[in-house]
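Chemist: This is data.cif (mmCIF, C-alpha atoms and all ligand atoms).
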data_run
loop_
_atom_site.label_atom_id
_atom_site.label_comp_id
_atom_site.auth_asym_id
_atom_site.auth_seq_id
_atom_site.Cartn_x
_atom_site.Cartn_y
_atom_site.Cartn_z
CA MET O 1 172.15 10.70 118.44
CA GLY O 2 171.83 14.45 118.14
CA GLY O 3 170.34 16.94 120.51
CA GLY O 4 166.86 17.20 119.04
CA GLY O 5 165.12 14.67 121.26
CA ALA O 6 165.14 16.91 124.30
CA ALA O 7 164.06 20.12 122.61
CA SER O 8 160.42 20.07 123.65
CA ALA O 9 161.11 19.17 127.26
CA THR O 10 163.66 21.80 128.17
CA GLY O 11 164.47 25.45 127.72
CA PRO O 12 166.67 26.62 124.88
CA PHE O 13 169.97 24.85 124.53
CA TYR O 14 172.87 24.34 122.18
CA CYS O 15 173.66 20.84 120.99
CA PRO O 16 177.36 20.43 120.09
CA PRO O 17 177.10 17.12 118.16
CA ASP O 18 174.86 18.63 115.49
CA ALA O 19 175.98 22.25 116.03
CA THR O 20 172.39 23.38 116.38
CA ILE O 21 170.45 25.68 118.70
CA TYR O 22 167.16 24.20 119.91
CA ILE O 23 164.39 26.52 121.07
CA ASP O 24 160.80 25.59 121.75
CA THR O 25 158.91 28.71 120.63
CA ALA O 26 156.42 28.12 123.45
CA PHE O 27 159.27 29.16 125.71
CA PHE O 28 159.25 32.59 124.09
CA GLY O 29 155.55 32.88 124.77
CA ASP O 30 156.22 32.10 128.39
CA LEU O 31 158.93 34.71 128.46
CA ARG O 32 156.59 37.35 127.04
CA THR O 33 153.72 36.46 129.35
CA ARG O 34 155.79 36.60 132.47
CA PHE O 35 157.98 39.52 131.51
CA GLY O 36 155.93 41.85 129.32
CA SER O 37 156.18 42.91 125.71
CA SER O 38 158.70 45.72 126.14
CA GLY O 39 161.56 43.56 127.35
CA GLY O 40 160.48 40.36 125.67
CA PRO O 41 162.11 40.89 122.28
CA LEU O 42 165.46 41.75 123.80
CA ALA O 43 165.23 38.78 126.15
CA GLU O 44 164.53 36.53 123.15
CA MET O 45 167.47 37.93 121.20
CA TYR O 46 169.70 37.57 124.24
CA ILE O 47 168.81 33.88 124.52
CA VAL O 48 169.54 33.18 120.85
CA ALA O 49 172.77 35.17 121.02
CA HIS O 50 173.84 33.33 124.20
CA GLU O 51 173.34 29.97 122.48
CA TRP O 52 175.21 31.29 119.45
CA GLY O 53 178.02 32.09 121.91
CA HIS O 54 178.10 28.39 122.81
CA HIS O 55 178.46 27.59 119.11
CA ILE O 56 181.57 29.79 118.96
CA GLN O 57 182.86 27.95 122.01
CA ASN O 58 182.15 24.63 120.29
CA LEU O 59 184.13 25.71 117.23
CA ASP O 60 187.16 26.87 119.21
CA GLY O 61 187.20 23.97 121.66
CA THR O 62 186.29 25.97 124.75
CA LEU O 63 183.03 24.12 125.27
CA ALA O 64 184.61 20.67 125.30
CA ALA O 65 187.43 21.84 127.56
CA SER O 66 184.95 23.21 130.07
CA HIS O 67 183.35 19.81 130.65
CA ASP O 68 185.60 18.88 133.56
CA GLY O 69 182.84 17.90 135.95
CA GLN O 70 183.38 20.88 138.24
CA THR O 71 180.62 23.31 139.20
CA GLY O 72 180.30 26.38 141.39
CA ALA O 73 181.89 29.81 141.49
CA GLY O 74 185.10 30.01 139.52
CA SER O 75 184.51 26.68 137.77
CA ASN O 76 184.93 26.33 134.04
CA ALA O 77 181.20 25.63 133.85
CA VAL O 78 180.51 29.12 135.15
CA ARG O 79 183.24 30.67 133.01
CA VAL O 80 181.81 29.16 129.83
CA GLU O 81 178.34 30.53 130.65
CA LEU O 82 179.62 34.01 131.45
CA GLN O 83 181.64 34.01 128.24
CA ALA O 84 178.49 33.10 126.28
CA ASP O 85 176.75 36.05 127.96
CA CYS O 86 179.68 38.25 126.95
CA PHE O 87 179.47 37.00 123.35
CA ALA O 88 175.73 37.74 123.42
CA GLY O 89 176.53 41.27 124.55
CA ALA O 90 179.11 41.61 121.78
CA TRP O 91 176.48 40.58 119.25
CA ALA O 92 173.97 43.08 120.65
CA GLY O 93 176.56 45.84 120.61
CA ALA O 94 177.57 45.09 117.03
CA ALA O 95 173.95 44.78 115.88
CA SER O 96 172.96 48.10 117.42
CA GLY O 97 175.88 49.75 115.65
CA THR O 98 175.19 48.16 112.27
CA ARG O 99 172.82 49.64 109.72
CA GLU O 100 171.02 47.90 106.92
CA THR O 101 170.83 49.40 103.46
CA GLY O 102 168.64 52.44 103.89
CA GLY O 103 170.09 53.30 107.27
CA VAL O 104 167.82 51.25 109.50
CA PRO O 105 169.73 49.87 112.52
CA LEU O 106 169.64 46.09 112.89
CA LEU O 107 168.97 46.70 116.56
CA MET O 108 167.89 49.93 118.21
CA PRO O 109 170.20 51.28 120.94
CA ILE O 110 169.85 49.39 124.21
CA THR O 111 169.91 50.99 127.65
CA PRO O 112 171.58 49.35 130.69
CA ALA O 113 168.13 49.11 132.30
CA GLN O 114 166.80 47.17 129.32
CA ILE O 115 169.77 44.83 129.47
CA GLN O 116 169.19 44.22 133.16
CA ASP O 117 165.51 43.52 132.59
CA ALA O 118 166.08 41.18 129.69
CA LEU O 119 168.80 39.16 131.38
CA SER O 120 166.99 38.86 134.67
CA ALA O 121 163.90 37.63 132.88
CA ALA O 122 165.82 35.22 130.72
CA SER O 123 167.75 33.72 133.59
CA ALA O 124 164.73 33.58 135.89
CA ILE O 125 162.50 31.81 133.40
CA GLY O 126 164.83 29.79 131.32
CA ASP O 127 168.00 27.92 131.97
CA ASP O 128 169.82 26.74 128.93
CA ARG O 129 171.00 23.20 128.68
CA ILE O 130 174.28 22.33 127.14
CA GLN O 131 174.12 18.97 125.49
CA GLU O 132 176.88 16.76 126.77
CA SER O 133 178.40 15.49 123.56
CA MET O 134 179.78 12.36 125.17
CA GLN O 135 176.56 11.38 126.91
CA GLY O 136 174.20 12.27 124.11
CA GLN O 137 171.62 13.53 126.54
CA VAL O 138 170.73 16.63 128.49
CA ASN O 139 172.10 16.77 131.98
CA PRO O 140 170.85 19.99 133.62
CA GLU O 141 172.66 19.36 136.89
CA ALA O 142 175.97 19.58 135.06
CA CYS O 143 175.28 23.15 134.01
CA THR O 144 176.07 26.00 136.32
CA HIS O 145 175.52 29.63 135.49
CA GLY O 146 176.97 32.69 137.15
CA SER O 147 175.00 35.03 139.36
CA SER O 148 172.60 37.52 137.81
CA GLU O 149 175.06 40.29 138.61
CA GLN O 150 177.89 38.45 136.86
CA ARG O 151 175.77 37.63 133.84
CA GLN O 152 174.65 41.22 133.41
CA ARG O 153 178.17 42.53 133.90
CA TRP O 154 179.68 40.20 131.31
CA PHE O 155 176.89 40.95 128.86
CA GLN O 156 177.61 44.64 129.37
CA THR O 157 181.36 44.05 128.90
CA GLY O 158 180.74 42.35 125.57
CA PHE O 159 178.26 45.03 124.58
CA ASP O 160 180.71 47.85 125.37
CA GLU O 161 184.02 46.29 124.35
CA GLY O 162 183.27 43.51 121.85
CA ALA O 163 184.01 39.79 121.68
CA GLY O 164 187.73 40.34 122.21
CA SER O 165 187.00 41.34 125.80
CA CYS O 166 185.26 38.04 126.62
CA ASP O 167 188.16 36.12 128.14
CA THR O 168 186.41 34.79 131.23
CA PHE O 169 189.11 32.11 131.47
CA ALA O 170 191.99 34.54 132.00
CA PRO O 171 193.92 33.41 135.11
CA ALA O 172 194.56 37.00 136.08
CA ASP O 173 190.86 37.75 136.01
CA ALA O 174 190.36 37.83 139.77
CA VAL O 175 186.88 39.31 139.50
CA LEU O 176 184.92 36.84 137.42
ZN ZN O 201 174.51 28.76 128.33
#
Represent the supplied structure as structure tokens.
Ligand SMILES: [Zn+2]

Modeler:
Amino acid sequence: MGGGGAASATGPFYCPPDATIYIDTAFFGDLRTRFGSSGGPLAEMYIVAHEWGHHIQNLDGTLAASHDGQTGAGSNAVRVELQADCFAGAWAGAASGTRETGGVPLLMPITPAQIQDALSAASAIGDDRIQESMQGQVNPEACTHGSSEQRQRWFQTGFDEGAGSCDTFAPADAVL
């Protein structure tokens, strides 16, 4: 069984067994209604990029390794979420520095205030669900995210320094 069965009942999530991001577009409407049109698009892109970050983690084995049943500050569950936020920031940074043919940026420059608004909205309204590949079903209680401050900081780190700076699992990283 893949991850598709739960798509309509939950917020956006990444399903490792079929390597697919599931997003109910009604969720985006909710995001826009409750947040406003100015920050909505960035919040939407952040969510997609965050789930894409989980896909990278699925490919390199980080996602599976993080499923150790532990939650709370400093747990691998938190580290994997903060790394996905960092990857999302790396995508946003790369996209805002990349121009299409004709010179149009893929993404207009983003201010720290916009990042803060988008992430706070996204994390307040939606909580992604990582599909447990062994269970074949969504288990929200197993997912733990970092604080809003941590999520914004790691997004900013990825945005400023790129995906290579996203080692949230580094033992020496005292400040997660
Ligand atoms: Zn996540």

Chemist: Which value, in Å to one decimal, gives the distance between atom CA of Gly53 of chain O and atom CA of Ser96 of chain O?

Modeler: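 Atom-to-atom, atom CA of Gly53 of chain O to atom CA of Ser96 of chain O, that is 17.4 Å.
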
Chemist: Contacts of Gln152 of chain O at 9 Å or less, counting only C-alpha atoms, minus same-chain residues fewer than 6 places along, as a PDB file with C-alpha atoms, keeping the file's coordinate frame?

Modeler:
ATOM      1  CA  LEU O  82     179.620  34.010 131.450  1.00  0.00           C
ATOM      2  CA  ASP O  85     176.750  36.050 127.960  1.00  0.00           C
ATOM      3  CA  CYS O  86     179.680  38.250 126.950  1.00  0.00           C
ATOM      4  CA  ILE O 115     169.770  44.830 129.470  1.00  0.00           C
ATOM      5  CA  GLN O 116     169.190  44.220 133.160  1.00  0.00           C
ATOM      6  CA  LEU O 119     168.800  39.160 131.380  1.00  0.00           C
ATOM      7  CA  SER O 120     166.990  38.860 134.670  1.00  0.00           C
TER       8      SER O 120
END

Chemist: So what do you get for atom CA of Phe28 of chain O versus atom CA of Thr101 of chain O, distance-wise?

Modeler: 29.0 Å

Chemist: Could you state the separation of atom CA of Pro41 of chain O and atom CA of Phe27 of chain O in Å, given to one decimal place?

Modeler: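 If I compute the distance from atom CA of Pro41 of chain O to atom CA of Phe27 of chain O, I get 12.5 Å.
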
Chemist: Pick the closest to ligand ZN 201 (chain O) from O:Thr157, O:Thr20, O:Gln83, O:Gln150: which is it, counting only C-alpha atoms and all ligand atoms?

Modeler: O:Gln83
